[in-house]
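Visitor: The structure under discussion is supplied below as structure tokens; questions concerning it will follow.
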Amino acid sequence: MSKKANTFRTPIGTRDLMPSDSARWEAVTNVFTGVASRAGFSLVDTPIFEDIGVFSRIGEGTDVVGKEMYEFRDRSDRPMALRPEGTAAVCRAFAQHRPAVPWKVYYRGPYFRYEAPQAGRFRQFHQFGIESIGSDDPDIDVEVIALAWEVLRSVGLQRVLLIVNSMGDQNTRILYQEALRSYLLDNSNEIDEQDRDKVASHPLRVLDSKRSATQAVTNDAPKIGEYLSSEAEQHFDRVKDGLGSLGIPFAIEPKLVRGLDYYTHTTFEFQSSALETAQNTVCGGGRYNGLIEELGGPPTPGIGFGMGIERLLLACDAEESFPAPGSDTQVWLVDVADGRSARDLTHQLRNLGIVADRAFDGRSMRSQMRSADRSGAEIALIIGEQELADQTVAIRMLRDEEAAQTIVPRDEILREVERLLGLDS
């Protein structure tokens, strides 16, 4: 008696991207790629796994590194990790290859975090992002934020809010961190128990807490803007001026800070009010002038953003924007003779750049016509025994019910299809 085969399913926190969704996925990726390319950014593609040190440097003490990173040892016993985010790997590539600056690149692909799955959050998730490395000019900050804004507008999102803040320079950070730590220690009994262990070692990360007790305390905490140097104020003023000049609305959020030492100056997020969850950030970024040095490169300023594809499309669903594109199929071949005509004509049409498809397995005329209609094609080319004998092809316009079926000689069919599709000019 044979054993019943296992029914395998996707791992928890992952999903199959089926053809019913993939066209929309490709379309939104093309929107991002177009926006990035027009601004002079080029694709960089880094490995899906890296030496674990690449990521531990960027998030020591965070949940991403401490609890969520997929870690393993390879066959040579080297510690590796699946990439949990995009910036560190891109900065590692810069430190390794030392390209000329400014280095303007975009990336896209899968990333991995072992966290509790929920709407818009997966253990294998997908991002695209931008990194601009080599310039400390605040106008670069504006350019990067504007590119994210353009992507969101291009997919039809209206209910998004840009929040910005400044981390200042290193001296700002030192002064503010001490003031914040002192305030939090004085109020530690009122902070949620799960956040108290961060107060002494990583006080800035307490500001990220979504727990109500902690938020009640941090609402009255000192603000980093009170500690900005004159140079940092000038940098932030230039960013705000640029956003205003480009007509990009924004709000200043004093609690928007990054807890890692290499973050400086501008931080920003785009939040969707259409998403009724705590996870409403569709894009986040900031300036990281100390990261490349942490990864073995020379001191080099940089700024970038990451945008989650799953959450972006979830926001589009909530606003009923950016629907899936229609079918690309232009011509469907219906062959109820011997199938040879459909085989040869689909090949010839495709060589002309026309999207053509057909049915197989000798199906009936009725069945093939149903397939033609479902395909979304504009034109059906029909070959039966009579057309085969006469060396002709019948043309039926599938989206025009009033158009009469016509008969065209076989040797003229390619030109006629091009004419009907408006490709003969």
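Simple scheme: letters A, B, ... for chains in structure tokens order, numbers from 1 for residues in each chain, numbers from 1 for ligands in the order shown.
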So that I can see what lies close to A:Ile248, please list as an MDAnalysis selection string the residues with an atom at most 9 Å from it, counting only C-alpha atoms and leaving out residues fewer than 3 positions away in the same chain.
Guide: chainID A and resid 146 149 162 242:245
Visitor: Just to be explicit: take each residue in the selection above, keep C-alpha atoms, and write the result as a PDB file, in the first residue's frame.
Guide:
```pdb
ATOM      1  CA  ALA A 146      10.704  63.845  -4.318  1.00  0.00           C
ATOM      2  CA  TRP A 149       6.634  61.181  -3.731  1.00  0.00           C
ATOM      3  CA  LEU A 162       5.070  62.940   4.436  1.00  0.00           C
ATOM      4  CA  GLY A 242      13.089  72.518  -1.337  1.00  0.00           C
ATOM      5  CA  LEU A 243      10.030  70.459  -0.481  1.00  0.00           C
ATOM      6  CA  GLY A 244       7.923  73.604  -0.364  1.00  0.00           C
ATOM      7  CA  SER A 245       9.288  74.795  -3.696  1.00  0.00           C
TER       8      SER A 245
END
```
Visitor: Skip stretch 179-181 of chain A itself and residues of its chain fewer than 5 positions away, then list as an MDAnalysis selection string all residues within 9 Å of it, counting only C-alpha atoms.
Guide: chainID A and resid 174 186 199:204 221:224
Visitor: For a quick check of understanding, using only C-alpha atoms, which of A:Ser56, A:Gln279, A:Ser42, A:Asn30 has the smallest distance to A:Leu295?
Guide: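 Using only C-alpha atoms, A:Leu295 sits closest to A:Ser56.
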Visitor: With DSSP run on the backbone, what are the strand (DSSP E) residues within stretch 221-312 of chain A? I'd like them as an NGL selection string.
Guide: :A and (251-252 or 264-272 or 281-287 or 302-308)
Visitor: Atom CA of A:Arg343 and atom CA of A:Leu381 are how many Å apart?
Guide: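 Value for the atom CA of A:Arg343-atom CA of A:Leu381 distance: 12.2 Å.
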Visitor: Of the candidates A:Arg419, A:Lys104, A:Arg258, A:His97, which one gets nearest to A:Gly284 if we count only C-alpha atoms?
Guide: A:Arg258
Visitor: Of the candidates A:Arg340, A:Arg38, A:Arg153, A:Arg196, which one gets nearest to A:Glu385 if we count only C-alpha atoms?
Guide: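 Under the stated criterion, the closest residue is A:Arg340.
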Visitor: Hey, what does DSSP flag as alpha helix (DSSP H) within stretch 195-236 of chain A? Can you give it to me as a list in words?
Guide: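 Going through stretch 195-236 of chain A, the alpha helix (DSSP H) residues come out as Asp197, Lys198, Val199, Ala200, Ser201, Pro203, Leu204, Arg205, Val206, Ser212, Ala213, Thr214, Gln215, Ala216, Val217, Thr218, Ser230, Glu231, Ala232, Glu233, Gln234, His235 and Phe236 of chain A.
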Visitor: Any chance you can output those residues with C-alpha atoms as a short mmCIF file (atom, residue, chain, number, x, y, z; two decimals), in the first residue's frame?
Guide:
```cif
data_model
loop_
_atom_site.label_atom_id
_atom_site.label_comp_id
_atom_site.auth_asym_id
_atom_site.auth_seq_id
_atom_site.Cartn_x
_atom_site.Cartn_y
_atom_site.Cartn_z
CA ASP A 197 15.61 47.89 28.90
CA LYS A 198 16.22 50.29 26.00
CA VAL A 199 16.35 53.42 28.14
CA ALA A 200 19.97 53.16 29.26
CA SER A 201 21.50 51.63 26.13
CA PRO A 203 17.09 55.75 24.43
CA LEU A 204 16.25 56.96 20.91
CA ARG A 205 14.60 53.63 20.14
CA VAL A 206 12.11 54.19 22.94
CA SER A 212 0.45 53.41 24.80
CA ALA A 213 2.13 53.74 28.20
CA THR A 214 5.49 54.50 26.60
CA GLN A 215 3.94 56.92 24.12
CA ALA A 216 2.31 58.84 26.96
CA VAL A 217 5.78 59.40 28.42
CA THR A 218 7.58 60.20 25.16
CA SER A 230 23.40 76.09 13.39
CA GLU A 231 24.83 74.00 10.52
CA ALA A 232 22.21 71.29 11.08
CA GLU A 233 19.45 73.91 11.18
CA GLN A 234 20.68 75.33 7.87
CA HIS A 235 20.67 71.85 6.32
CA PHE A 236 17.12 71.16 7.50
#
```
Visitor: With distances taken over only C-alpha atoms, which of A:Leu291, A:Leu246, A:Ile12, A:Val282 is nearest to A:Ala116?
Guide: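 Answer, going by the shortest atom-to-atom distance: A:Ile12.
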Visitor: Kindly indicate which residue among A:Val334, A:Leu161, A:Ala81, A:Ala251 lies nearest to A:Arg370, using only C-alpha atoms for the distances.
Guide: A:Val334
Visitor: Skipping near chain neighbours, those fewer than 6 positions away, what residues fall within 7 Å of A:Ile407 using only C-alpha atoms, listed as an MDAnalysis selection string?
Guide: chainID A and resid 392:395
Visitor: List the spatial neighbours of A:Arg73 as a ChimeraX atom specification - criterion: any atom at most 10 Å away, only C-alpha atoms, same-chain residues fewer than 5 positions off excluded.
Guide: /A:51-52,78-81
Visitor: Selection from above, N, CA and C atoms, as a compact mmCIF listing (two decimals), in the first residue's frame, can you write it?
Guide:
```txt
# COMPACT_ATOMS: atom_id res chain seq x y z
N ASP A 51 27.66 38.12 4.54
CA ASP A 51 28.28 37.93 5.85
C ASP A 51 27.40 38.63 6.89
N ILE A 52 27.15 37.94 7.99
CA ILE A 52 26.22 38.47 8.98
C ILE A 52 26.67 39.83 9.54
N ARG A 78 31.03 29.64 7.85
CA ARG A 78 31.03 31.10 7.92
C ARG A 78 29.64 31.59 8.29
N PRO A 79 29.54 32.56 9.22
CA PRO A 79 28.22 33.06 9.61
C PRO A 79 27.62 33.96 8.52
N MET A 80 26.44 33.60 8.08
CA MET A 80 25.76 34.31 7.01
C MET A 80 24.36 34.71 7.46
N ALA A 81 23.73 35.60 6.71
CA ALA A 81 22.35 35.99 6.99
C ALA A 81 21.67 36.35 5.68
```
Visitor: So the first atom is atom CA of A:Asp328 and the second is atom CA of A:Gly376; what is the distance between them in Å, to one decimal place?
Guide: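 Atom CA of A:Gly376 lies at a distance of 7.6 Å from atom CA of A:Asp328.
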Visitor: State, in Å with one decimal place, the distance from atom CA of A:Val355 to atom CA of A:Gly422.
Guide: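 Value for the atom CA of A:Val355-atom CA of A:Gly422 distance: 13.9 Å.
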Visitor: Near A:Met69, counting only C-alpha atoms, which residues have an atom at most 9 Å away, once you skip same-chain residues fewer than 5 positions from it, shown as a count of residues only?
Guide: 11
Visitor: Can you tell me which residues surround A:Thr33 at a distance of at most 9 Å, considering only C-alpha atoms, apart from same-chain residues fewer than 3 positions away, and format the answer as a list in words?
Guide: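 The residues that qualify are Val28, Thr29, Asn30, Ala36, Ser37, Arg38, Phe41, Ser42, Leu43, Tyr106 and Phe128 of chain A.
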Visitor: I want to know what sits within 10 Å of stretch 310-324 of chain A, based on only C-alpha atoms, with residues of the same chain fewer than 6 positions away left out; could you give that as an mmCIF file with C-alpha atoms, in the first residue's frame?
Guide:
```cif
data_model
loop_
_atom_site.group_PDB
_atom_site.id
_atom_site.type_symbol
_atom_site.label_atom_id
_atom_site.label_comp_id
_atom_site.auth_asym_id
_atom_site.auth_seq_id
_atom_site.Cartn_x
_atom_site.Cartn_y
_atom_site.Cartn_z
ATOM 1 C CA SER A 20 -3.472 36.852 -11.465
ATOM 2 C CA ASP A 21 -1.340 39.251 -9.355
ATOM 3 C CA SER A 22 2.013 39.279 -11.123
ATOM 4 C CA ALA A 23 1.001 41.674 -13.927
ATOM 5 C CA ARG A 24 0.161 44.347 -11.356
ATOM 6 C CA TRP A 25 3.375 43.583 -9.482
ATOM 7 C CA GLU A 26 5.406 44.038 -12.663
ATOM 8 C CA ALA A 27 3.520 47.232 -13.488
ATOM 9 C CA VAL A 28 4.241 48.886 -10.128
ATOM 10 C CA ALA A 119 -1.557 42.397 6.590
ATOM 11 C CA GLY A 120 1.198 43.923 4.485
ATOM 12 C CA ARG A 121 3.958 42.197 6.477
ATOM 13 C CA PHE A 122 5.567 38.926 5.409
ATOM 14 C CA PHE A 125 8.793 40.603 1.597
ATOM 15 C CA HIS A 126 9.804 42.730 -1.355
ATOM 16 C CA GLN A 127 11.178 46.225 -1.582
ATOM 17 C CA LEU A 152 3.358 57.253 -4.761
ATOM 18 C CA SER A 154 2.191 57.689 -10.072
ATOM 19 C CA VAL A 155 0.275 54.767 -8.561
ATOM 20 C CA GLY A 156 -2.606 57.062 -7.646
ATOM 21 C CA LEU A 157 -2.183 57.365 -3.877
ATOM 22 C CA GLN A 158 -3.753 60.497 -2.398
ATOM 23 C CA ARG A 159 -4.055 59.716 1.302
ATOM 24 C CA VAL A 160 -0.365 59.779 2.171
ATOM 25 C CA GLN A 271 2.388 57.182 5.956
ATOM 26 C CA SER A 272 -0.920 56.047 4.466
ATOM 27 C CA SER A 273 -4.079 57.077 6.313
ATOM 28 C CA ALA A 274 -5.953 54.569 4.146
ATOM 29 C CA LEU A 275 -4.307 51.678 6.014
ATOM 30 C CA GLU A 276 -6.182 50.983 9.222
ATOM 31 C CA GLN A 279 1.877 49.421 10.152
ATOM 32 C CA ASN A 280 0.921 52.301 7.895
ATOM 33 C CA THR A 281 4.363 53.381 6.686
ATOM 34 C CA VAL A 282 4.686 52.744 2.944
ATOM 35 C CA CYS A 283 8.118 54.332 2.565
#
```
